[in-house]
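Engineer: Questions regarding the structure given below will be posed in turn.
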Amino acid sequence: MPYGKTNDFFFSGHVGCCMINYLEFGAIGWYRLSRFSAVTGLLQVCLMVSLRGHYFIDLISGIVFAHYLWMLSERYSYLVDVKVFRIPLQKRFPQFTQSCNNCQEPVHLWTQRDNCYNSCDKQ
């Protein structure tokens with residue numbers, strides 16, 4: 001959002017994109033690209049501050065908003081992928097090795113349960 005005739009924008013899309021790449025690459029196990037995205041993001045923060053392209057709060061808010069939007073998109077992509085397109089749970093979420101026997105929701109392995117916390121628990 002531009003403020004008058006200046007070139008400062010709230011929030012930084014450059015840093016936000018690097019943050020989304022960092023989170024997504026880390027989630028799918030591409031750790032080299034994840035680290036590369038983190039280094040690129042840090043270099044962009046230094047570059048934006050030194051060239052006065054953004055205020056520091058714009059850069060921090062870019063990181064915060066990107067993390068929030070990534071979490072939100074992961075939640076909604078689950079609904080679209082698993083519920084609408086019927087992508088199997090093990091293909092969509094390879095980090096979960098178990099699913100609920102009744103409703104096919106992911107079961108977190110650290111809970112040591114045979115089914116999920118949904119309504120199928122009470123059946």
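Ordering of the structure tokens sets the chain letters (A, B, ...), residue numbers begin anew at 1 in every chain, and ligands are numbered from 1 in the order given.
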Can you list, as a ChimeraX atom specification, every protein, DNA or RNA residue that comes within 8 Å of range 57-70 of chain A when you count only C-alpha atoms, leaving out same-chain residues fewer than 6 positions away?
Structural biologist: /A:9-13,15-17,19-20,23-24,45
Engineer: For CA of Ala38 in chain A and CA of His14 in chain A, quote the distance in Å rounded to one decimal.
Structural biologist: 12.0 Å
Engineer: Can you list, as an MDAnalysis selection string, every protein, DNA or RNA residue that comes within 12 Å of Arg35 in chain A when you count only C-alpha atoms, leaving out same-chain residues fewer than 5 positions away?
Structural biologist: chainID A and resid 18:19 21:26 29:30 40:42
Engineer: Check the DSSP output for the backbone and give back, as a count of residues only, the residues of range 43-92 of chain A in helix (DSSP H, G or I).
Structural biologist: 41
